[in-house]
$ cat start09.txt   # compact mmCIF, C-alpha atoms
# COMPACT_ATOMS: atom_id res chain seq x y z
CA MET A 126 -32.93 7.07 24.76
CA SER A 127 -30.11 9.65 24.57
CA PRO A 128 -28.58 10.77 21.24
CA ALA A 129 -25.40 8.85 22.17
CA GLU A 130 -27.35 5.59 22.21
CA PRO A 131 -28.88 4.89 18.79
CA SER A 132 -31.80 2.56 18.57
CA PRO A 133 -30.70 -1.06 18.07
CA SER A 134 -33.52 -1.43 15.52
CA SER A 135 -31.83 1.06 13.19
CA THR A 136 -31.26 -0.47 9.75
CA THR A 137 -28.52 1.92 8.65
CA LEU A 138 -25.33 2.82 10.43
CA ARG A 139 -23.07 5.80 9.93
CA VAL A 140 -19.55 4.44 9.52
CA ALA A 141 -16.21 6.27 9.46
CA VAL A 142 -12.95 4.65 8.38
CA LEU A 143 -9.61 5.53 9.96
CA THR A 144 -6.40 4.62 8.14
CA ARG A 145 -3.16 6.02 6.76
CA THR A 146 -2.64 7.47 3.30
CA GLY A 147 -1.44 4.96 0.77
CA ARG A 148 -2.77 1.94 2.70
CA PRO A 149 -4.98 -0.26 0.48
CA SER A 150 -6.83 -1.83 3.41
CA GLY A 151 -8.39 1.47 4.49
CA ALA A 152 -9.54 2.37 0.98
CA ARG A 153 -10.90 -1.13 0.28
CA LEU A 154 -12.84 -1.31 3.54
CA ALA A 155 -14.24 2.16 2.95
CA GLN A 156 -15.42 0.91 -0.47
CA ALA A 157 -17.09 -2.06 1.20
CA VAL A 158 -19.01 0.26 3.52
CA ALA A 159 -20.02 2.55 0.65
CA GLN A 160 -21.35 -0.43 -1.32
CA SER A 161 -23.34 -1.79 1.63
CA ARG A 162 -26.69 -0.66 3.03
CA HIS A 163 -24.80 1.54 5.48
CA THR A 164 -23.54 5.10 5.08
CA LEU A 165 -19.87 5.96 4.75
CA CYS A 166 -19.91 9.28 6.59
CA GLY A 167 -16.19 9.96 6.45
CA VAL A 168 -12.66 8.73 5.85
CA MET A 169 -9.76 10.03 7.94
CA ALA A 170 -6.31 9.12 6.65
CA GLU A 171 -3.23 10.07 8.63
CA ARG A 172 -0.58 11.50 6.31
CA ARG A 173 2.11 8.93 5.60
CA THR A 174 4.89 11.48 5.96
CA SER A 175 3.91 11.82 9.61
CA LEU A 176 4.53 8.09 10.10
CA VAL A 177 7.98 8.30 8.48
CA ALA A 178 8.95 11.26 10.64
CA ARG A 179 7.95 9.45 13.81
CA VAL A 180 9.89 6.32 12.87
CA LEU A 181 13.00 8.36 12.05
CA ARG A 182 12.78 10.12 15.41
CA ARG A 183 12.13 7.06 17.53
CA HIS A 184 13.98 4.13 15.98
CA SER A 185 17.49 3.24 14.95
CA GLY A 186 19.68 0.20 14.32
CA GLN A 187 18.38 -3.07 12.90
CA ARG A 188 14.69 -2.23 13.17
CA LEU A 189 15.16 0.95 11.17
CA ARG A 190 17.25 -0.86 8.54
CA THR A 191 14.56 -3.54 8.35
CA LEU A 192 11.76 -1.03 8.00
CA PHE A 193 13.38 0.96 5.21
CA GLY A 194 15.66 -1.71 3.77
CA VAL A 195 15.41 -3.67 0.55
CA GLU A 196 13.86 -6.74 2.13
CA PHE A 197 11.01 -4.73 3.67
CA TRP A 198 10.05 -3.09 0.39
CA ARG A 199 10.34 -6.35 -1.55
CA ASP A 200 7.80 -7.92 0.78
CA ARG A 201 5.42 -5.03 1.29
CA ILE A 202 5.49 -3.20 -2.04
CA GLY A 203 6.55 -5.75 -4.65
CA SER A 204 6.96 -5.19 -8.35
CA SER A 205 5.02 -2.31 -9.85
CA ALA A 206 4.32 -4.54 -12.84
CA THR A 207 2.25 -6.92 -10.73
CA ARG A 208 0.53 -4.47 -8.43
CA THR A 209 -3.17 -3.69 -8.62
CA PRO A 210 -3.30 -0.51 -6.57
CA ALA A 211 -6.32 0.35 -4.50
CA PRO A 212 -7.99 3.67 -5.25
CA PRO A 213 -6.84 6.44 -2.92
CA ALA A 214 -8.96 6.82 0.20
CA ARG A 215 -9.70 10.40 -0.85
CA ARG A 216 -11.30 9.17 -4.09
CA VAL A 217 -13.38 6.54 -2.27
CA ALA A 218 -14.73 9.22 0.07
CA ARG A 219 -15.45 11.59 -2.83
CA ASP A 220 -17.31 8.94 -4.82
CA ALA A 221 -19.41 8.08 -1.75
CA LEU A 222 -20.13 11.77 -1.06
CA ALA A 223 -18.46 11.29 2.32
CA ALA A 224 -16.28 13.67 4.30
CA TYR A 225 -12.51 13.31 4.02
CA ALA A 226 -9.74 14.49 6.35
CA GLU A 227 -5.98 14.02 6.16
CA PRO A 228 -4.49 15.08 9.50
CA GLY A 229 -0.87 14.84 10.56
CA SER A 230 -2.00 12.58 13.39
CA LEU A 231 -5.21 10.71 14.09
CA ASN A 232 -4.63 11.36 17.80
CA ASP A 233 -4.66 15.16 17.54
CA ALA A 234 -7.42 16.99 19.41
CA SER A 235 -8.56 18.42 16.08
CA SER A 236 -8.96 14.88 14.69
CA VAL A 237 -11.12 13.90 17.66
CA SER A 238 -13.20 17.02 17.13
CA THR A 239 -13.68 16.18 13.44
CA LEU A 240 -14.70 12.62 14.24
CA THR A 241 -17.18 13.84 16.84
CA GLY A 242 -18.70 16.12 14.22
CA TRP A 243 -19.12 13.20 11.83
CA ALA A 244 -21.34 11.48 14.43
CA ALA A 245 -20.36 7.98 13.37
CA ASP A 246 -22.07 4.99 14.90
CA VAL A 247 -19.07 2.76 14.12
CA LEU A 248 -15.42 3.45 13.43
CA VAL A 249 -13.49 0.98 11.27
CA VAL A 250 -9.74 1.15 11.81
CA ALA A 251 -7.33 -0.32 9.23
CA ASN A 252 -3.53 -0.03 9.36
CA ALA A 253 -3.69 3.00 11.60
CA PRO A 254 -1.29 3.85 14.43
CA LEU A 255 -2.05 3.05 18.04
CA LEU A 256 -5.05 5.21 18.89
CA GLN A 257 -5.78 7.07 22.09
CA PRO A 258 -9.09 6.28 23.86
CA ALA A 259 -10.48 9.71 22.99
CA VAL A 260 -10.29 8.70 19.30
CA PHE A 261 -11.89 5.27 19.39
CA GLN A 262 -14.50 6.40 21.93
CA SER A 263 -15.72 9.18 19.63
CA CYS A 264 -18.27 6.89 17.94
CA ARG A 265 -21.68 5.88 19.28
CA ILE A 266 -21.56 2.09 19.22
CA MET A 267 -18.00 0.80 18.91
CA ALA A 268 -14.70 1.04 17.07
CA LEU A 269 -13.65 -2.04 15.09
CA ASN A 270 -10.08 -2.92 14.17
CA PHE A 271 -9.24 -4.84 11.01
CA HIS A 272 -6.39 -7.21 11.94
CA THR A 273 -4.78 -9.76 9.63
CA GLY A 274 -3.94 -12.43 12.18
CA ARG A 275 -5.57 -14.81 14.62
CA LEU A 276 -5.70 -13.40 18.13
CA PRO A 277 -4.18 -13.57 20.63
CA GLU A 278 -1.42 -15.65 19.00
CA PHE A 279 -0.63 -13.28 16.12
CA GLY A 280 -0.94 -9.73 17.43
CA GLY A 281 1.30 -6.83 16.52
CA VAL A 282 2.79 -6.26 13.08
CA GLU A 283 3.34 -8.32 9.91
CA SER A 284 0.97 -11.12 10.93
CA GLU A 285 0.94 -12.49 7.37
CA PHE A 286 4.72 -12.80 7.39
CA TRP A 287 4.71 -14.67 10.70
CA ALA A 288 1.98 -17.05 9.52
CA LEU A 289 4.20 -17.98 6.57
CA TYR A 290 7.41 -18.02 8.58
CA GLU A 291 5.94 -20.35 11.20
CA ALA A 292 4.54 -22.67 8.51
CA GLN A 293 0.89 -22.16 9.40
CA THR A 294 -1.72 -23.61 7.05
CA GLU A 295 -3.84 -20.46 7.16
CA ALA A 296 -3.82 -16.80 8.04
CA TRP A 297 -6.78 -15.08 9.70
CA VAL A 298 -8.82 -11.94 9.38
CA THR A 299 -10.10 -10.64 12.69
CA LEU A 300 -12.53 -7.80 13.33
CA HIS A 301 -12.31 -6.92 16.99
CA GLU A 302 -13.37 -4.08 19.22
CA LEU A 303 -10.66 -1.57 19.97
CA SER A 304 -9.46 -1.38 23.55
CA SER A 305 -6.64 0.31 25.40
CA LYS A 306 -4.53 -2.85 25.01
CA LEU A 307 -3.25 -3.47 21.50
CA ASP A 308 -5.07 -6.24 19.57
CA SER A 309 -6.79 -7.50 22.72
CA GLY A 310 -10.42 -6.38 22.39
CA GLU A 311 -13.43 -8.66 22.06
CA ILE A 312 -13.64 -10.44 18.71
CA LEU A 313 -16.82 -9.77 16.73
CA ALA A 314 -15.92 -11.69 13.56
CA GLU A 315 -13.05 -13.84 12.33
CA GLN A 316 -12.34 -16.02 9.34
CA PRO A 317 -9.40 -18.16 8.17
CA VAL A 318 -7.60 -17.40 4.91
CA PRO A 319 -5.97 -20.56 3.46
CA LEU A 320 -2.33 -20.27 2.41
CA ALA A 321 -1.36 -21.21 -1.13
CA ALA A 322 2.02 -22.58 -2.17
CA GLY A 323 3.05 -19.39 -3.94
CA ASP A 324 1.87 -16.93 -1.31
CA THR A 325 4.11 -14.12 -0.12
CA ALA A 326 3.41 -11.75 2.75
CA ARG A 327 2.23 -9.23 0.19
CA SER A 328 -0.11 -11.58 -1.70
CA LEU A 329 -1.47 -12.90 1.57
CA HIS A 330 -2.15 -9.36 2.77
CA ALA A 331 -4.18 -8.73 -0.39
CA LYS A 332 -6.19 -11.92 0.21
CA CYS A 333 -6.86 -10.82 3.79
CA ILE A 334 -8.12 -7.45 2.60
CA ASP A 335 -10.52 -9.15 0.18
CA CYS A 336 -11.75 -11.36 3.00
CA GLY A 337 -12.25 -8.34 5.26
CA ARG A 338 -14.27 -6.58 2.55
CA ARG A 339 -16.72 -9.49 2.59
CA MET A 340 -16.84 -9.78 6.37
CA LEU A 341 -17.32 -6.12 7.27
CA PRO A 342 -20.80 -5.48 5.77
CA GLU A 343 -22.12 -8.65 7.42
CA LEU A 344 -20.82 -7.51 10.80
CA LEU A 345 -22.27 -4.02 10.32
CA ASP A 346 -25.65 -5.61 9.56
CA ARG A 347 -25.43 -7.51 12.85
CA LEU A 348 -24.56 -4.36 14.78
CA ALA A 349 -27.40 -2.45 13.12
CA ASP A 350 -29.82 -5.18 14.18
CA GLY A 351 -28.66 -4.88 17.78
CA ASP A 352 -26.42 -7.96 17.93
CA ARG A 353 -23.21 -6.79 19.57
CA SER A 354 -22.28 -10.07 21.23
CA PRO A 355 -18.63 -11.09 20.78
CA LEU A 356 -17.53 -14.46 19.47
CA ARG A 357 -14.85 -14.60 22.14
CA THR A 358 -12.50 -12.49 24.24
CA PRO A 359 -8.91 -13.29 23.26
CA GLY A 360 -7.11 -11.68 26.20
CA PRO A 361 -3.71 -9.97 25.93
CA ALA A 362 -2.18 -10.45 22.50
CA THR A 363 1.24 -11.88 21.74
CA LEU A 364 2.75 -8.93 19.89
CA ARG A 365 4.96 -10.00 16.99
CA PRO A 366 7.92 -7.73 16.10
CA TRP A 367 9.09 -6.47 12.75
CA PRO A 368 10.86 -9.32 10.93
CA THR A 369 14.57 -8.88 10.37
CA ASN A 370 16.10 -8.81 6.90
CA ALA A 371 17.64 -12.22 7.61
CA GLN A 372 14.22 -13.67 8.45
CA ARG A 373 12.71 -12.22 5.27
CA ARG A 374 15.49 -13.73 3.16
CA GLU A 375 15.10 -17.07 4.93
CA LEU A 376 11.37 -17.16 4.24
CA ARG A 377 11.94 -16.25 0.60
CA ARG A 378 14.41 -19.10 0.23
CA ARG A 379 12.01 -21.55 1.86
CA ARG A 380 9.07 -20.48 -0.32
CA THR A 381 11.02 -20.70 -3.59
CA THR A 382 12.81 -24.04 -3.10

$ encode --input "start09.txt" --output "structure tokens"
Amino acid sequence: MSPAEPSPSSTTLRVAVLTRTGRPSGARLAQAVAQSRHTLCGVMAERRTSLVARVLRRHSGQRLRTLFGVEFWRDRIGSSATRTPAPPARRVARDALAAYAEPGSLNDASSVSTLTGWAADVLVVANAPLLQPAVFQSCRIMALNFHTGRLPEFGGVESEFWALYEAQTEAWVTLHELSSKLDSGEILAEQPVPLAAGDTARSLHAKCIDCGRRMLPELLDRLADGDRSPLRTPGPATLRPWPTNAQRRELRRRRTT
């Protein structure tokens, strides 16, 4: 068997987490790996300033106002008095004695080279930008994406918001294999997250992260034991857009009356 094909009987996997700086999902999932029987070999977090620069270059009009407007930050950041911030990804990597990298872009050739050097069996992607195949093919078994929505119905961005806006009874956490089509790879694990009366997009996102932390080690155990069979193949995802400020205000009115 070649070095690129690890034995399915292996009991420990080398796992790298790809995320953006300041994103709690990446840090929390990296913690889950570090606390499992598997080895967190590295965390790569794209610098958040790179994301802002790209958005400023590429977008204008309503979408830009939505992204950086008051309604966006009310939903996604919330009051500092009620936040329980995740530890920085850098600290999680340090505590686990894992490598850490903070590139300007996860898609740079240097990032691919770093990932190849880490020799990960599995990549776990959380709140990262759209990745080029060279990135998610740099691992030995597969790259998994953490998505907070049921697929294919709730692909794209802000899945928690759309679950609330469309009056669903539950959100979903999906762990699926990365493919060249966004949010359309084979699903390896999924679980519903019930909605509570007081949920906001932000509180629901936190609940989804907690659910993902429980799901990920179980899925890694399956992969280590050679079980790579998908639950289902969702097909092309319906990609939800960024909500407008008007939609955010409407949802807030509905949830508070």

$ closest_residue --input "start09.txt" --among "A:Ala268, A:Val298, A:Val249, A:Ala221" --to "Glu285 of chain A" --atoms "only C-alpha atoms"
A:Val298

$ closest_residue --input "start09.txt" --among "A:Ile334, A:Leu344, A:Ala296, A:Leu307" --to "Ser161 of chain A" --atoms "all atoms listed in the file"
A:Leu344

$ closest_residue --input "start09.txt" --among "A:Thr241, A:Glu343, A:Ala224, A:Gly229" --to "Ala157 of chain A" --atoms "only C-alpha atoms"
A:Glu343

$ closest_residue --input "start09.txt" --among "A:Ala314, A:Leu143, A:Val217, A:Leu269" --to "Asn232 of chain A" --atoms "all atoms listed in the file"
A:Leu143

$ closest_residue --input "start09.txt" --among "A:Cys333, A:Val168, A:Leu276, A:Ala245" --to "Arg365 of chain A" --atoms "all atoms listed in the file"
A:Leu276

$ atom_distance --input "start09.txt" --atom1 "atom CA of Leu320 of chain A" --atom2 "atom CA of Asn270 of chain A"
22.3 Å

$ closest_residue --input "start09.txt" --among "A:Phe286, A:Phe271, A:Phe261, A:Phe279" --to "Glu315 of chain A" --atoms "all atoms listed in the file"
A:Phe271

$ closest_atom_pairs --input "start09.txt" --of "segment 217-271 of chain A" --to "segment 147-150 of chain A" --cutoff "10 Å" --atoms "only C-alpha atoms" --output "Markdown table"
| residue | atom | partner | partner_atom | distance |
| --- | --- | --- | --- | --- |
| A:Val250 | CA | A:Ser150 | CA | 9.4 |
| A:Ala251 | CA | A:Ser150 | CA | 6.0 |
| A:Asn252 | CA | A:Arg148 | CA | 7.0 |
| A:Ala253 | CA | A:Arg148 | CA | 9.0 |
| A:Phe271 | CA | A:Ser150 | CA | 8.5 |

$ residues_around --input "start09.txt" --residues "Thr381 of chain A" --least-positions-apart "3" --cutoff "10 Å" --atoms "all atoms listed in the file" --output "list of chain:residue names"
A:Ala322, A:Gly323, A:Leu376, A:Arg377, A:Arg378

$ write_last_selection --input "start09.txt" --atoms "C-alpha atoms" --output "PDB file, keeping the file's coordinate frame"
ATOM      1  CA  ALA A 322       2.020 -22.580  -2.170  1.00  0.00           C
ATOM      2  CA  GLY A 323       3.050 -19.390  -3.940  1.00  0.00           C
ATOM      3  CA  LEU A 376      11.370 -17.160   4.240  1.00  0.00           C
ATOM      4  CA  ARG A 377      11.940 -16.250   0.600  1.00  0.00           C
ATOM      5  CA  ARG A 378      14.410 -19.100   0.230  1.00  0.00           C
TER       6      ARG A 378
END

$ residues_around --input "start09.txt" --residues "Thr363 of chain A" --least-positions-apart "2" --cutoff "12 Å" --atoms "only C-alpha atoms" --output "list of chain:residue names"
A:Gly274, A:Arg275, A:Leu276, A:Pro277, A:Glu278, A:Phe279, A:Gly280, A:Gly281, A:Val282, A:Ser284, A:Trp287, A:Lys306, A:Leu307, A:Asp308, A:Ser309, A:Pro359, A:Gly360, A:Pro361, A:Arg365, A:Pro366

$ decode --input "start09.txt" --residues "segment 278-309 of chain A" --atoms "N, CA and C atoms" --output "PDB file, in the first residue's frame"
ATOM      1  N   GLU A 278     -31.046  21.663   0.565  1.00  0.00           N
ATOM      2  CA  GLU A 278     -31.998  22.769   0.646  1.00  0.00           C
ATOM      3  C   GLU A 278     -31.380  24.058   1.194  1.00  0.00           C
ATOM      4  N   PHE A 279     -30.431  23.935   2.126  1.00  0.00           N
ATOM      5  CA  PHE A 279     -29.891  25.114   2.798  1.00  0.00           C
ATOM      6  C   PHE A 279     -28.383  25.192   2.602  1.00  0.00           C
ATOM      7  N   GLY A 280     -27.948  25.345   1.370  1.00  0.00           N
ATOM      8  CA  GLY A 280     -26.546  25.570   1.079  1.00  0.00           C
ATOM      9  C   GLY A 280     -26.219  27.054   1.140  1.00  0.00           C
ATOM     10  N   GLY A 281     -24.966  27.385   0.904  1.00  0.00           N
ATOM     11  CA  GLY A 281     -24.576  28.786   0.888  1.00  0.00           C
ATOM     12  C   GLY A 281     -24.369  29.348   2.278  1.00  0.00           C
ATOM     13  N   VAL A 282     -24.704  30.634   2.439  1.00  0.00           N
ATOM     14  CA  VAL A 282     -24.365  31.348   3.669  1.00  0.00           C
ATOM     15  C   VAL A 282     -25.581  31.528   4.579  1.00  0.00           C
ATOM     16  N   GLU A 283     -25.288  31.781   5.865  1.00  0.00           N
ATOM     17  CA  GLU A 283     -26.307  32.148   6.860  1.00  0.00           C
ATOM     18  C   GLU A 283     -27.449  31.133   6.937  1.00  0.00           C
ATOM     19  N   SER A 284     -27.112  29.850   6.937  1.00  0.00           N
ATOM     20  CA  SER A 284     -28.148  28.816   6.967  1.00  0.00           C
ATOM     21  C   SER A 284     -29.020  28.912   8.207  1.00  0.00           C
ATOM     22  N   GLU A 285     -28.427  29.309   9.346  1.00  0.00           N
ATOM     23  CA  GLU A 285     -29.217  29.438  10.572  1.00  0.00           C
ATOM     24  C   GLU A 285     -30.272  30.538  10.420  1.00  0.00           C
ATOM     25  N   PHE A 286     -29.870  31.655   9.815  1.00  0.00           N
ATOM     26  CA  PHE A 286     -30.845  32.727   9.594  1.00  0.00           C
ATOM     27  C   PHE A 286     -32.004  32.227   8.745  1.00  0.00           C
ATOM     28  N   TRP A 287     -31.702  31.531   7.663  1.00  0.00           N
ATOM     29  CA  TRP A 287     -32.770  31.112   6.748  1.00  0.00           C
ATOM     30  C   TRP A 287     -33.670  30.061   7.387  1.00  0.00           C
ATOM     31  N   ALA A 288     -33.117  29.220   8.256  1.00  0.00           N
ATOM     32  CA  ALA A 288     -33.969  28.262   8.970  1.00  0.00           C
ATOM     33  C   ALA A 288     -34.982  28.998   9.839  1.00  0.00           C
ATOM     34  N   LEU A 289     -34.541  30.062  10.509  1.00  0.00           N
ATOM     35  CA  LEU A 289     -35.449  30.856  11.332  1.00  0.00           C
ATOM     36  C   LEU A 289     -36.425  31.648  10.462  1.00  0.00           C
ATOM     37  N   TYR A 290     -35.910  32.250   9.424  1.00  0.00           N
ATOM     38  CA  TYR A 290     -36.733  33.109   8.570  1.00  0.00           C
ATOM     39  C   TYR A 290     -37.839  32.316   7.888  1.00  0.00           C
ATOM     40  N   GLU A 291     -37.549  31.086   7.519  1.00  0.00           N
ATOM     41  CA  GLU A 291     -38.536  30.250   6.838  1.00  0.00           C
ATOM     42  C   GLU A 291     -39.336  29.383   7.809  1.00  0.00           C
ATOM     43  N   ALA A 292     -39.247  29.716   9.094  1.00  0.00           N
ATOM     44  CA  ALA A 292     -40.058  29.070  10.131  1.00  0.00           C
ATOM     45  C   ALA A 292     -39.888  27.559  10.166  1.00  0.00           C
ATOM     46  N   GLN A 293     -38.643  27.099  10.025  1.00  0.00           N
ATOM     47  CA  GLN A 293     -38.355  25.685  10.185  1.00  0.00           C
ATOM     48  C   GLN A 293     -38.421  25.308  11.669  1.00  0.00           C
ATOM     49  N   THR A 294     -38.625  24.050  11.946  1.00  0.00           N
ATOM     50  CA  THR A 294     -38.650  23.595  13.335  1.00  0.00           C
ATOM     51  C   THR A 294     -37.265  23.196  13.833  1.00  0.00           C
ATOM     52  N   GLU A 295     -36.312  23.090  12.922  1.00  0.00           N
ATOM     53  CA  GLU A 295     -34.973  22.664  13.300  1.00  0.00           C
ATOM     54  C   GLU A 295     -33.957  23.157  12.283  1.00  0.00           C
ATOM     55  N   ALA A 296     -32.751  23.371  12.752  1.00  0.00           N
ATOM     56  CA  ALA A 296     -31.611  23.592  11.883  1.00  0.00           C
ATOM     57  C   ALA A 296     -30.881  22.255  11.759  1.00  0.00           C
ATOM     58  N   TRP A 297     -29.800  22.228  10.996  1.00  0.00           N
ATOM     59  CA  TRP A 297     -29.059  20.977  10.821  1.00  0.00           C
ATOM     60  C   TRP A 297     -27.567  21.251  10.864  1.00  0.00           C
ATOM     61  N   VAL A 298     -26.833  20.261  11.326  1.00  0.00           N
ATOM     62  CA  VAL A 298     -25.386  20.248  11.181  1.00  0.00           C
ATOM     63  C   VAL A 298     -25.036  19.126  10.219  1.00  0.00           C
ATOM     64  N   THR A 299     -24.275  19.469   9.208  1.00  0.00           N
ATOM     65  CA  THR A 299     -23.905  18.507   8.170  1.00  0.00           C
ATOM     66  C   THR A 299     -22.391  18.452   8.049  1.00  0.00           C
ATOM     67  N   LEU A 300     -21.842  17.268   8.070  1.00  0.00           N
ATOM     68  CA  LEU A 300     -20.431  17.042   7.763  1.00  0.00           C
ATOM     69  C   LEU A 300     -20.382  16.314   6.432  1.00  0.00           C
ATOM     70  N   HIS A 301     -19.890  16.995   5.424  1.00  0.00           N
ATOM     71  CA  HIS A 301     -19.889  16.400   4.085  1.00  0.00           C
ATOM     72  C   HIS A 301     -18.510  16.515   3.448  1.00  0.00           C
ATOM     73  N   GLU A 302     -18.270  15.654   2.495  1.00  0.00           N
ATOM     74  CA  GLU A 302     -16.994  15.672   1.796  1.00  0.00           C
ATOM     75  C   GLU A 302     -16.932  16.875   0.866  1.00  0.00           C
ATOM     76  N   LEU A 303     -15.798  17.549   0.864  1.00  0.00           N
ATOM     77  CA  LEU A 303     -15.638  18.683  -0.038  1.00  0.00           C
ATOM     78  C   LEU A 303     -15.556  18.209  -1.479  1.00  0.00           C
ATOM     79  N   SER A 304     -16.170  18.991  -2.353  1.00  0.00           N
ATOM     80  CA  SER A 304     -16.087  18.728  -3.785  1.00  0.00           C
ATOM     81  C   SER A 304     -15.933  20.062  -4.494  1.00  0.00           C
ATOM     82  N   SER A 305     -15.796  20.005  -5.800  1.00  0.00           N
ATOM     83  CA  SER A 305     -15.609  21.234  -6.564  1.00  0.00           C
ATOM     84  C   SER A 305     -16.868  22.082  -6.606  1.00  0.00           C
ATOM     85  N   LYS A 306     -18.027  21.493  -6.292  1.00  0.00           N
ATOM     86  CA  LYS A 306     -19.278  22.240  -6.256  1.00  0.00           C
ATOM     87  C   LYS A 306     -19.630  22.550  -4.804  1.00  0.00           C
ATOM     88  N   LEU A 307     -19.910  23.800  -4.532  1.00  0.00           N
ATOM     89  CA  LEU A 307     -20.109  24.258  -3.160  1.00  0.00           C
ATOM     90  C   LEU A 307     -21.241  23.516  -2.465  1.00  0.00           C
ATOM     91  N   ASP A 308     -20.958  22.980  -1.277  1.00  0.00           N
ATOM     92  CA  ASP A 308     -21.945  22.329  -0.404  1.00  0.00           C
ATOM     93  C   ASP A 308     -22.697  21.194  -1.098  1.00  0.00           C
ATOM     94  N   SER A 309     -22.025  20.468  -1.958  1.00  0.00           N
ATOM     95  CA  SER A 309     -22.698  19.427  -2.744  1.00  0.00           C
ATOM     96  C   SER A 309     -22.034  18.058  -2.636  1.00  0.00           C
TER      97      SER A 309
END
